[in-house]
Every structure is written in C-alpha cells, then in structure tokens.
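Participant: The following block contains the structure, expressed as structure tokens.
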Amino acid sequence: MKVPTPSDHSDRKDEGKGLAMSVISVSTDASLDAAPPTPDFGPADRLVCRECGASYALGAAYACVECFGPLEIGYNFGTVTRADIEAGPSSMWRYSCLLPVASYAGTEPNLNPGLTRLVKADNLARALGMTGTLWVKDDSGNPTHSFKDRVVAVAQSAARRLGLNTIACASTGNLANAVAAAAARGGQQSVVVIPSDLEQGKILTTAAYGGTLLAVKGNYDDVNRLCSELIGDPLTADWGFVNVNLRPYYAEGSKTVGYEIAEQLGWRLPQQVVAPIASGSLLTKVDKAFREFVSLGLVDDTAYRVFGAQATGCSPVAAAFRAGHDVVRPVRPSTIAKSLAIGNPADGPYALDVVRRTGGVIEDVSDVEIVEGIRLLAETEGIFAETAGGVVVANLRKLLASGQLDPAAETVILNTGDGLKTLDAIAAEVGPTAIIEPDVDEVTAVLVRAAAASIEGR
Ligand SMILES: Cc1ncc(COP(=O)(O)O)c(C=O)c1O
Ligand SMILES: [Zn+2]
C-alpha cells in the first residue's frame, strides 16, 4: 500500500501522509521490486484532481493530496466507433471502452445493468401542454430497480482489480439494494450503511440479499461521515466503499445513462434533459457523456440544456442556483424523497457549473407536488416511479409553467427508481375504488356511481 503520489510533484510525498490512512493506491514505482503490475482499467490511465489538475496512479483514492479536491478518472480513449458500441452486449457493458474497466469486466459475475428503455411519453407531453417530443429514460428497469446498479457495476469491477474483497457504501436506499445484490451475485462480502429511518421497501429488499446492513440513528450525512472515518480504520483495509474511496470509478457508471440516451435517439443529443440531484453526480455525468460522444465524433455537436430537480425539503443546490452562489450551503433534509436527501452534496458545485454552462435551471418542488408527479406519470404512461421520479416530473411541470423549459424542444426526463420501493409516499393517496362482496350487482353499482361522478366532475 502506498499513498498516491502526484506524478508532477513526486518530491512532495510526505505532504500526503495526512491522507495515508484514507487512501489505498496502486504503486507504479518501478523501483519497488515487489510492486504488482498495474491493474487493467481499460482506457483509464490516471486519476486527475478536478480542482488543481494534479494526476495520480489509478488506485482506491478519492481526494487530492495537494488541495483535497475530488479525483476523477483520466482516459486515453483512442478511436471509438458507433459500430464498436453496437456490436457490444445488450447492457451498459457495450460502453466498456469508455469506462475505467477492463474489456472483460462484463463477463465477470455482475448484475449486467443498463440498456433500459427510452419511452416516448406522448400522453404525459399532452397532459403538460408540450408540443416537442418528451421521453422518459426509465432506469427503474435495472436489476435492483434503480440507476444505482450502473455505478455499482463499475465500482465492483474496480474493487476486483484492486483486490478489495468487501464492497461497502453509505446509502440513501437504492445504492444499498445495488451493493448488496451485486456482492451476492459477485461472491463478495458487502457492508451497507443506511440511515435507520429509510423506507421499509429499501431496508427489507437490501436485507434480503444478505451481507451486513447497518442502520444508523442519524441522517445520510451522518452515515457518510461515519463511512469516511471507517476508511481510516484497519478494520476496513480490504474494503472498497463504492461511493467514497472508489468514487471516481463508481461515478463514471452514471455516464452510461447519457450514452444510452444519445444512442437510443439514433446517435444524437436531445435539446433538454431533466435530472434529479442528490449528490449531483448523475447530472454531471450525463453531461460528461454527451461531451465525450461529441468529442469522439459519435454525435453531432448540438446545443442541449441540463435542468436539475430537487425536493424543497432538501434543496441546497437549487438554493445556491437561485442565489447565484458557486458554493452549496449544507441543509438538514426533511422530505419524502429520501433517496435524494443529501444535505451536503459532494458534487453540488459541479452540478451548478453544468446547469449554468448549458443554460438550464435547478428548481425544487414540495412533497405534495412530488406525490402529484408520481401519480401523473403513472396515470399517463403506466410508469410507477419512486419519489425521485416524482421530483423530476413535478419539476418538469413547474419549469414549463414558469416558462423556463421550452415546451417545443425535445426533452428527456430521468426516472431513476421504482415506486414499489416507496409505497409509503402514496399510501394515503391511492387505494381500491371500492371494497365489495363477490357479487355482480355490487360491481354494477360501483361502476354506475363512478360514471355519475365523472359526469359531475366534467
Ligand atoms: C433514485 C435516485 N435517483 C437519483 C439519485 C441522485 O443521484 P446523485 O447522488 O448522483 O445525484 C439517487 C441517489 O441516491 C437515487 O437513489
Ligand atoms: Zn488538487
């Protein structure tokens, strides 16, 4: 084990000692006889600081030794063609050559997420008065019913390359499902840490996959802090926390949402995208995917606007956007959209950058509007979203009403999770039309009453 050394500051190794317990790095120092060969990360060739640009050897590192900025993956892609991608598997692994994974990552035991459907949502568009084409990228179709299977698949592969036998995470719920299930399938150990007040639909489903599930008396930000502290403990020497010390790899998995949108549209970019924000990572990676496709010549360089969606009860990025701030002031979350309840979002400033650069907007909606959003999507398109999907639909409606989103432009909204996991959110709002005896007359009476009510309601 060795502290990552900035390639361009190799005389300043000692300054990194403060991080020595929190990073595990693969050495590329040829002077160490016993140094293992550099693991195969496909086109990825380094870690790069997003703030100061210092670069490091690939390893389980996430913070810059020079400035504490977050690290991200650096690549050397070479030539990538549409035909290469189209010849790949029917999963996110068709984009392996654009991810920090070995070319064979998709053949190792994993959940094979991705290539979820892109649904043309004409009924929803009509209900909202949109004249441009509206699409729903429905990531509830992933193996554990959220987009988190994508990020975990990349982190799981990185854990293998780095010899980390336990995959761990701090989660607002969906990541918990994805890590526990991926570890079960991959023959790895899992340690999942969640706030204890999550929805039963997320706690029980995670527990069902086995592994260790720790429910912490606190909110997500407490959970995240605990995991950061655990990384310095010898107890976790062979653990990969997918969204902490494997975060640079994990985050890249979200690019596949953007790649798929562009490929499924017939190799072109949409004009507008609405994405939910928790940490802000997904939104930034959809933008990164679009920019990579443009620079690789896979799509034309057409303008697009990225919009961010938050719940008012946890809207630190929307608040910073409105105030014109570059920094995000942390909040204490209180919303039914628990999957988005990150009060101190790691990628908040980068999400602000993307939205401002592309001419989008970040808005937020109330819990009542979130439930209305869930019901509107379900009733118009037969897609039952979790609260995060309700946040996106309700924000779409709000942005249209305020004239901030163009109703005539082609728009993609992201449904990132499945409503079956957040039944609590709508339990008070929906239920059977009537509870009846098994009797034809009772059915007739209910239908007559319903018809009369509908005439009255017109
Ligand atoms: C269903 C769902 N959608 C969206 C997000 C937001 O992801 P990010 O943290 O990348 O902003 C999450 C995060 O947990 C989530 O669970
Ligand atoms: Zn730095």
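Residue names in the structure tokens use chain letters A, B, ... in the order shown, residue numbers from 1 in each chain, and ligand numbers from 1 in the order shown.
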Pick out the residues no farther than 10 Å from ligand 1, counting only C-alpha atoms and all ligand atoms, and list them as a PyMOL selection string.
Facilitator: chain A and resi 139-140+145-148+151+170-177+243+250-251+254+275-286+308-310+337-342+345-348+351+385-389+391-392+414-419+421
Participant: Might you pull out every residue within 12 Å of A:Ser190, with only C-alpha atoms counted and same-chain residues fewer than 4 positions away left off, and present them as a VMD selection string?
Facilitator: chain A and resid 152 156 159 164 to 170 175 to 186 206 to 207 209 to 214 236 238 to 242
Participant: When the cut-off is 10 Å and you count only C-alpha atoms and all ligand atoms, which residues lie near ligand 2, shown as an NGL selection string?
Facilitator: :A and (6 or 48-55 or 63-71)
Participant: Using the selection just defined, write its residues with C-alpha atoms as a PDB file, in the first residue's frame.
Facilitator:
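Contents of the output file selection-v7.pdb:
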ATOM      1  CA  PRO A   6       1.100  13.347  -7.711  1.00  0.00           C
ATOM      2  CA  VAL A  48      -6.926  13.605 -12.006  1.00  0.00           C
ATOM      3  CA  CYS A  49      -7.824  16.271  -9.450  1.00  0.00           C
ATOM      4  CA  ARG A  50     -10.890  18.197 -10.587  1.00  0.00           C
ATOM      5  CA  GLU A  51      -9.619  21.323  -8.873  1.00  0.00           C
ATOM      6  CA  CYS A  52      -5.849  21.600  -9.462  1.00  0.00           C
ATOM      7  CA  GLY A  53      -5.294  19.032 -12.219  1.00  0.00           C
ATOM      8  CA  ALA A  54      -2.644  17.006 -10.319  1.00  0.00           C
ATOM      9  CA  SER A  55      -2.569  13.434 -11.575  1.00  0.00           C
ATOM     10  CA  ALA A  63      -9.066  13.139  -2.649  1.00  0.00           C
ATOM     11  CA  CYS A  64      -6.155  15.173  -3.977  1.00  0.00           C
ATOM     12  CA  VAL A  65      -3.127  15.215  -1.701  1.00  0.00           C
ATOM     13  CA  GLU A  66      -2.290  18.706  -2.932  1.00  0.00           C
ATOM     14  CA  CYS A  67      -5.591  20.520  -2.490  1.00  0.00           C
ATOM     15  CA  PHE A  68      -8.125  17.945  -1.165  1.00  0.00           C
ATOM     16  CA  GLY A  69     -10.163  18.361  -4.355  1.00  0.00           C
ATOM     17  CA  PRO A  70     -12.099  15.327  -5.631  1.00  0.00           C
ATOM     18  CA  LEU A  71     -10.324  12.955  -8.041  1.00  0.00           C
TER      19      LEU A  71
END
Participant: Please identify the strand (DSSP E) residues within stretch 160-217 of chain A (assignment by DSSP from backbone atoms) and present them as a ChimeraX atom specification.
Facilitator: /A:166-170,189-195,212-216
Participant: If we count only C-alpha atoms, what is near stretch 259-268 of chain A at a cut-off of 10 Å, once residues fewer than 2 positions away on the same chain are taken out, given as a PyMOL selection string?
Facilitator: chain A and resi 82+85-86+91-92+94-95+98+114-118+135-137+254-257+270-271+273+285-294+298-302+412+414
Participant: Residues at most 10 Å from A:Asp197, counting only C-alpha atoms, excluding those fewer than 5 positions away in the same chain, as a PyMOL selection string?
Facilitator: chain A and resi 172+203+215-220+338
Participant: What separation in Å, quoted to one decimal, exists between atom CA of A:Leu296 and atom CA of A:Ser90?
Facilitator: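 Between atom CA of A:Leu296 and atom CA of A:Ser90 the gap works out to 21.4 Å.
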Participant: Which residue out of A:Ala311, A:Ile362, A:Leu198, A:Ala425 has the minimum interatomic distance to A:Leu399 when only C-alpha atoms are used?
Facilitator: A:Ile362
Participant: For atom CA of A:Gln272 and atom CA of A:Glu410, quote the distance in Å rounded to one decimal.
Facilitator: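 Those two atoms sit 6.3 Å apart.
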Participant: Mind pulling up the distance from atom CA of A:Leu352 to atom CA of A:Thr133?
Facilitator: 25.9 Å
Participant: Write out as a VMD selection string each polymer residue whose atoms come within 12 Å of A:Pro89, counting only C-alpha atoms; drop sequence neighbours fewer than 6 positions from it.
Facilitator: chain A and resid 95 to 96 103 to 107 112 to 115
Participant: Go ahead and save the residues from that selection, with C-alpha atoms, as a compact mmCIF listing (two decimals), in the first residue's frame.
Facilitator:
# COMPACT_ATOMS: atom_id res chain seq x y z
CA TYR A 95 -19.67 1.14 -23.39
CA SER A 96 -16.79 -0.70 -21.62
CA SER A 103 -12.55 -5.09 -21.59
CA TYR A 104 -13.65 -8.34 -19.91
CA ALA A 105 -15.42 -6.66 -16.93
CA GLY A 106 -18.84 -7.50 -18.33
CA THR A 107 -18.04 -11.21 -18.35
CA ASN A 112 -25.47 -6.68 -16.07
CA PRO A 113 -27.41 -3.44 -15.69
CA GLY A 114 -28.29 -0.85 -18.31
CA LEU A 115 -29.80 -0.53 -21.77
Participant: So which one's closest to A:Leu47, A:Tyr249, A:Phe384, A:Phe321, A:Phe77? Using only C-alpha atoms, please.
Facilitator: A:Tyr249
Participant: Got a sec: who's within 10 Å of A:Ala434, counting only C-alpha atoms, leaving out chain neighbours fewer than 4 positions off, as a count of residues only?
Facilitator: 4
Participant: Quick one: pick out all helix (DSSP H, G or I) residues within stretch 161-337 of chain A from a backbone DSSP run and write them as an mmCIF file with N, CA and C atoms, in the first residue's frame.
Facilitator:
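The resulting states11.cif:
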data_model
loop_
_atom_site.group_PDB
_atom_site.id
_atom_site.type_symbol
_atom_site.label_atom_id
_atom_site.label_comp_id
_atom_site.auth_asym_id
_atom_site.auth_seq_id
_atom_site.Cartn_x
_atom_site.Cartn_y
_atom_site.Cartn_z
ATOM 1 N N ARG A 161 -10.220 -5.405 -9.347
ATOM 2 C CA ARG A 161 -8.875 -5.100 -9.864
ATOM 3 C C ARG A 161 -7.925 -4.725 -8.727
ATOM 4 N N ASN A 174 -31.309 3.247 -2.487
ATOM 5 C CA ASN A 174 -31.152 2.500 -3.730
ATOM 6 C C ASN A 174 -29.756 1.923 -3.889
ATOM 7 N N LEU A 175 -28.764 2.662 -3.446
ATOM 8 C CA LEU A 175 -27.397 2.149 -3.528
ATOM 9 C C LEU A 175 -27.245 0.919 -2.628
ATOM 10 N N ALA A 176 -27.950 0.940 -1.508
ATOM 11 C CA ALA A 176 -27.921 -0.196 -0.581
ATOM 12 C C ALA A 176 -28.381 -1.467 -1.292
ATOM 13 N N ASN A 177 -29.506 -1.377 -1.979
ATOM 14 C CA ASN A 177 -30.002 -2.523 -2.767
ATOM 15 C C ASN A 177 -28.948 -2.985 -3.765
ATOM 16 N N ALA A 178 -28.399 -2.024 -4.494
ATOM 17 C CA ALA A 178 -27.497 -2.348 -5.604
ATOM 18 C C ALA A 178 -26.205 -2.994 -5.107
ATOM 19 N N VAL A 179 -25.653 -2.488 -4.012
ATOM 20 C CA VAL A 179 -24.396 -3.055 -3.484
ATOM 21 C C VAL A 179 -24.632 -4.458 -2.931
ATOM 22 N N ALA A 180 -25.691 -4.614 -2.139
ATOM 23 C CA ALA A 180 -25.936 -5.933 -1.515
ATOM 24 C C ALA A 180 -26.202 -6.987 -2.592
ATOM 25 N N ALA A 181 -26.967 -6.626 -3.621
ATOM 26 C CA ALA A 181 -27.286 -7.591 -4.679
ATOM 27 C C ALA A 181 -26.054 -7.909 -5.525
ATOM 28 N N ALA A 182 -25.281 -6.875 -5.872
ATOM 29 C CA ALA A 182 -24.088 -7.105 -6.704
ATOM 30 C C ALA A 182 -23.083 -7.978 -5.969
ATOM 31 N N ALA A 183 -22.921 -7.753 -4.668
ATOM 32 C CA ALA A 183 -21.987 -8.569 -3.888
ATOM 33 C C ALA A 183 -22.468 -10.018 -3.831
ATOM 34 N N ALA A 184 -23.768 -10.197 -3.662
ATOM 35 C CA ALA A 184 -24.312 -11.563 -3.615
ATOM 36 C C ALA A 184 -23.994 -12.288 -4.925
ATOM 37 N N ARG A 185 -24.234 -11.628 -6.020
ATOM 38 C CA ARG A 185 -24.001 -12.247 -7.343
ATOM 39 C C ARG A 185 -22.502 -12.416 -7.615
ATOM 40 N N GLY A 186 -21.714 -11.470 -7.125
ATOM 41 C CA GLY A 186 -20.280 -11.479 -7.428
ATOM 42 C C GLY A 186 -19.442 -12.286 -6.446
ATOM 43 N N GLN A 200 -39.280 1.076 4.413
ATOM 44 C CA GLN A 200 -39.202 -0.384 4.590
ATOM 45 C C GLN A 200 -38.862 -1.084 3.278
ATOM 46 N N GLY A 201 -39.393 -0.554 2.180
ATOM 47 C CA GLY A 201 -39.163 -1.162 0.866
ATOM 48 C C GLY A 201 -37.693 -1.167 0.484
ATOM 49 N N LYS A 202 -36.919 -0.292 1.062
ATOM 50 C CA LYS A 202 -35.480 -0.285 0.766
ATOM 51 C C LYS A 202 -34.707 -1.092 1.806
ATOM 52 N N ILE A 203 -35.149 -1.039 3.049
ATOM 53 C CA ILE A 203 -34.436 -1.781 4.097
ATOM 54 C C ILE A 203 -34.622 -3.297 3.894
ATOM 55 N N LEU A 204 -35.861 -3.719 3.703
ATOM 56 C CA LEU A 204 -36.115 -5.167 3.599
ATOM 57 C C LEU A 204 -35.509 -5.752 2.332
ATOM 58 N N THR A 205 -35.600 -5.029 1.235
ATOM 59 C CA THR A 205 -35.030 -5.571 -0.007
ATOM 60 C C THR A 205 -33.512 -5.683 0.107
ATOM 61 N N THR A 206 -32.880 -4.732 0.768
ATOM 62 C CA THR A 206 -31.425 -4.831 0.944
ATOM 63 C C THR A 206 -31.089 -6.026 1.822
ATOM 64 N N ALA A 207 -31.818 -6.164 2.925
ATOM 65 C CA ALA A 207 -31.543 -7.265 3.863
ATOM 66 C C ALA A 207 -31.713 -8.620 3.178
ATOM 67 N N ALA A 208 -32.658 -8.684 2.237
ATOM 68 C CA ALA A 208 -32.928 -9.968 1.577
ATOM 69 C C ALA A 208 -31.724 -10.487 0.803
ATOM 70 N N TYR A 220 -28.389 10.850 6.296
ATOM 71 C CA TYR A 220 -27.381 10.377 5.345
ATOM 72 C C TYR A 220 -26.033 11.035 5.581
ATOM 73 N N ASP A 221 -26.041 12.299 5.921
ATOM 74 C CA ASP A 221 -24.760 12.992 6.096
ATOM 75 C C ASP A 221 -23.989 12.420 7.294
ATOM 76 N N ASP A 222 -24.727 11.946 8.336
ATOM 77 C CA ASP A 222 -24.073 11.255 9.455
ATOM 78 C C ASP A 222 -23.484 9.920 8.968
ATOM 79 N N VAL A 223 -24.247 9.234 8.142
ATOM 80 C CA VAL A 223 -23.806 7.935 7.606
ATOM 81 C C VAL A 223 -22.542 8.107 6.767
ATOM 82 N N ASN A 224 -22.553 9.127 5.947
ATOM 83 C CA ASN A 224 -21.413 9.382 5.068
ATOM 84 C C ASN A 224 -20.155 9.717 5.883
ATOM 85 N N ARG A 225 -20.343 10.511 6.928
ATOM 86 C CA ARG A 225 -19.213 10.875 7.792
ATOM 87 C C ARG A 225 -18.656 9.617 8.463
ATOM 88 N N LEU A 226 -19.540 8.764 8.957
ATOM 89 C CA LEU A 226 -19.114 7.516 9.599
ATOM 90 C C LEU A 226 -18.273 6.678 8.624
ATOM 91 N N CYS A 227 -18.750 6.575 7.384
ATOM 92 C CA CYS A 227 -18.010 5.765 6.399
ATOM 93 C C CYS A 227 -16.640 6.376 6.110
ATOM 94 N N SER A 228 -16.561 7.699 6.032
ATOM 95 C CA SER A 228 -15.261 8.344 5.796
ATOM 96 C C SER A 228 -14.309 8.028 6.947
ATOM 97 N N GLU A 229 -14.836 8.006 8.177
ATOM 98 C CA GLU A 229 -13.988 7.673 9.330
ATOM 99 C C GLU A 229 -13.555 6.203 9.283
ATOM 100 N N LEU A 230 -14.476 5.344 8.864
ATOM 101 C CA LEU A 230 -14.166 3.907 8.814
ATOM 102 C C LEU A 230 -13.035 3.603 7.842
ATOM 103 N N ILE A 231 -12.930 4.412 6.781
ATOM 104 C CA ILE A 231 -11.899 4.162 5.772
ATOM 105 C C ILE A 231 -10.505 4.263 6.387
ATOM 106 N N PRO A 234 -8.058 0.173 10.388
ATOM 107 C CA PRO A 234 -7.501 -1.067 9.834
ATOM 108 C C PRO A 234 -8.567 -2.126 9.550
ATOM 109 N N LEU A 235 -9.671 -2.051 10.263
ATOM 110 C CA LEU A 235 -10.803 -2.968 10.055
ATOM 111 C C LEU A 235 -11.243 -3.027 8.592
ATOM 112 N N THR A 236 -11.090 -1.898 7.905
ATOM 113 C CA THR A 236 -11.630 -1.805 6.546
ATOM 114 C C THR A 236 -10.529 -1.829 5.474
ATOM 115 N N ARG A 247 -15.063 6.198 -5.355
ATOM 116 C CA ARG A 247 -15.992 7.140 -6.006
ATOM 117 C C ARG A 247 -15.602 7.543 -7.437
ATOM 118 N N PRO A 248 -14.315 7.751 -7.728
ATOM 119 C CA PRO A 248 -14.002 8.138 -9.119
ATOM 120 C C PRO A 248 -14.484 7.093 -10.133
ATOM 121 N N TYR A 249 -14.398 5.809 -9.795
ATOM 122 C CA TYR A 249 -14.812 4.726 -10.707
ATOM 123 C C TYR A 249 -16.340 4.652 -10.741
ATOM 124 N N TYR A 250 -16.915 4.555 -9.544
ATOM 125 C CA TYR A 250 -18.369 4.492 -9.338
ATOM 126 C C TYR A 250 -19.081 5.580 -10.140
ATOM 127 N N ALA A 251 -18.630 6.818 -9.990
ATOM 128 C CA ALA A 251 -19.332 7.944 -10.613
ATOM 129 C C ALA A 251 -19.388 7.792 -12.130
ATOM 130 N N GLU A 252 -18.355 7.198 -12.714
ATOM 131 C CA GLU A 252 -18.324 7.051 -14.175
ATOM 132 C C GLU A 252 -19.440 6.158 -14.694
ATOM 133 N N LYS A 255 -22.323 7.757 -16.477
ATOM 134 C CA LYS A 255 -22.195 8.232 -17.860
ATOM 135 C C LYS A 255 -23.028 7.372 -18.800
ATOM 136 N N THR A 256 -23.209 6.099 -18.430
ATOM 137 C CA THR A 256 -23.906 5.199 -19.358
ATOM 138 C C THR A 256 -25.366 5.609 -19.570
ATOM 139 N N VAL A 257 -25.945 6.352 -18.605
ATOM 140 C CA VAL A 257 -27.305 6.880 -18.813
ATOM 141 C C VAL A 257 -27.288 7.844 -20.007
ATOM 142 N N GLY A 258 -26.303 8.719 -20.025
ATOM 143 C CA GLY A 258 -26.191 9.689 -21.124
ATOM 144 C C GLY A 258 -25.859 9.017 -22.452
ATOM 145 N N TYR A 259 -24.927 8.053 -22.416
ATOM 146 C CA TYR A 259 -24.575 7.341 -23.658
ATOM 147 C C TYR A 259 -25.828 6.683 -24.260
ATOM 148 N N GLU A 260 -26.585 6.020 -23.376
ATOM 149 C CA GLU A 260 -27.765 5.298 -23.884
ATOM 150 C C GLU A 260 -28.796 6.242 -24.473
ATOM 151 N N ILE A 261 -29.017 7.373 -23.816
ATOM 152 C CA ILE A 261 -29.994 8.337 -24.349
ATOM 153 C C ILE A 261 -29.585 8.716 -25.773
ATOM 154 N N ALA A 262 -28.313 9.074 -25.954
ATOM 155 C CA ALA A 262 -27.859 9.513 -27.281
ATOM 156 C C ALA A 262 -27.967 8.377 -28.301
ATOM 157 N N GLU A 263 -27.552 7.177 -27.918
ATOM 158 C CA GLU A 263 -27.621 6.058 -28.878
ATOM 159 C C GLU A 263 -29.082 5.724 -29.197
ATOM 160 N N GLN A 264 -29.942 5.698 -28.167
ATOM 161 C CA GLN A 264 -31.344 5.323 -28.392
ATOM 162 C C GLN A 264 -32.116 6.377 -29.187
ATOM 163 N N SER A 281 -23.954 13.917 -8.704
ATOM 164 C CA SER A 281 -23.055 13.184 -9.593
ATOM 165 C C SER A 281 -23.736 12.778 -10.904
ATOM 166 N N LEU A 282 -24.913 12.188 -10.810
ATOM 167 C CA LEU A 282 -25.603 11.696 -12.008
ATOM 168 C C LEU A 282 -25.750 12.820 -13.051
ATOM 169 N N LEU A 283 -26.214 13.958 -12.611
ATOM 170 C CA LEU A 283 -26.429 15.081 -13.546
ATOM 171 C C LEU A 283 -25.120 15.449 -14.260
ATOM 172 N N THR A 284 -24.042 15.529 -13.495
ATOM 173 C CA THR A 284 -22.773 15.939 -14.123
ATOM 174 C C THR A 284 -22.278 14.874 -15.102
ATOM 175 N N LYS A 285 -22.559 13.612 -14.806
ATOM 176 C CA LYS A 285 -22.046 12.544 -15.671
ATOM 177 C C LYS A 285 -22.866 12.387 -16.952
ATOM 178 N N VAL A 286 -24.133 12.743 -16.917
ATOM 179 C CA VAL A 286 -24.920 12.731 -18.157
ATOM 180 C C VAL A 286 -24.343 13.785 -19.106
ATOM 181 N N ASP A 287 -24.017 14.932 -18.548
ATOM 182 C CA ASP A 287 -23.386 15.985 -19.357
ATOM 183 C C ASP A 287 -22.030 15.523 -19.887
ATOM 184 N N LYS A 288 -21.250 14.863 -19.018
ATOM 185 C CA LYS A 288 -19.921 14.404 -19.444
ATOM 186 C C LYS A 288 -20.045 13.395 -20.582
ATOM 187 N N ALA A 289 -21.062 12.526 -20.484
ATOM 188 C CA ALA A 289 -21.280 11.528 -21.537
ATOM 189 C C ALA A 289 -21.573 12.216 -22.871
ATOM 190 N N PHE A 290 -22.424 13.228 -22.839
ATOM 191 C CA PHE A 290 -22.757 13.943 -24.085
ATOM 192 C C PHE A 290 -21.491 14.577 -24.675
ATOM 193 N N ARG A 291 -20.693 15.208 -23.810
ATOM 194 C CA ARG A 291 -19.492 15.893 -24.315
ATOM 195 C C ARG A 291 -18.484 14.881 -24.886
ATOM 196 N N GLU A 292 -18.363 13.728 -24.223
ATOM 197 C CA GLU A 292 -17.444 12.707 -24.750
ATOM 198 C C GLU A 292 -17.918 12.202 -26.116
ATOM 199 N N PHE A 293 -19.225 11.961 -26.255
ATOM 200 C CA PHE A 293 -19.730 11.490 -27.548
ATOM 201 C C PHE A 293 -19.454 12.519 -28.641
ATOM 202 N N VAL A 294 -19.584 13.796 -28.295
ATOM 203 C CA VAL A 294 -19.291 14.847 -29.286
ATOM 204 C C VAL A 294 -17.809 14.810 -29.631
ATOM 205 N N SER A 295 -16.943 14.754 -28.603
ATOM 206 C CA SER A 295 -15.507 14.853 -28.921
ATOM 207 C C SER A 295 -14.993 13.596 -29.616
ATOM 208 N N PRO A 316 -30.426 22.158 -1.342
ATOM 209 C CA PRO A 316 -29.290 23.073 -1.221
ATOM 210 C C PRO A 316 -28.721 23.518 -2.571
ATOM 211 N N VAL A 317 -28.814 22.672 -3.596
ATOM 212 C CA VAL A 317 -28.244 23.048 -4.895
ATOM 213 C C VAL A 317 -29.181 24.023 -5.616
ATOM 214 N N ALA A 318 -30.488 23.780 -5.511
ATOM 215 C CA ALA A 318 -31.455 24.722 -6.101
ATOM 216 C C ALA A 318 -31.323 26.090 -5.433
ATOM 217 N N ALA A 319 -31.112 26.096 -4.110
ATOM 218 C CA ALA A 319 -30.984 27.376 -3.385
ATOM 219 C C ALA A 319 -29.735 28.124 -3.853
ATOM 220 N N ALA A 320 -28.628 27.397 -4.016
ATOM 221 C CA ALA A 320 -27.393 28.034 -4.484
ATOM 222 C C ALA A 320 -27.577 28.561 -5.904
ATOM 223 N N PHE A 321 -28.299 27.790 -6.725
ATOM 224 C CA PHE A 321 -28.541 28.233 -8.110
ATOM 225 C C PHE A 321 -29.294 29.567 -8.109
ATOM 226 N N ARG A 322 -30.375 29.608 -7.329
ATOM 227 C CA ARG A 322 -31.207 30.823 -7.285
ATOM 228 C C ARG A 322 -30.417 32.023 -6.767
ATOM 229 N N ALA A 323 -29.565 31.745 -5.768
ATOM 230 C CA ALA A 323 -28.822 32.848 -5.141
ATOM 231 C C ALA A 323 -27.607 33.270 -5.973
#
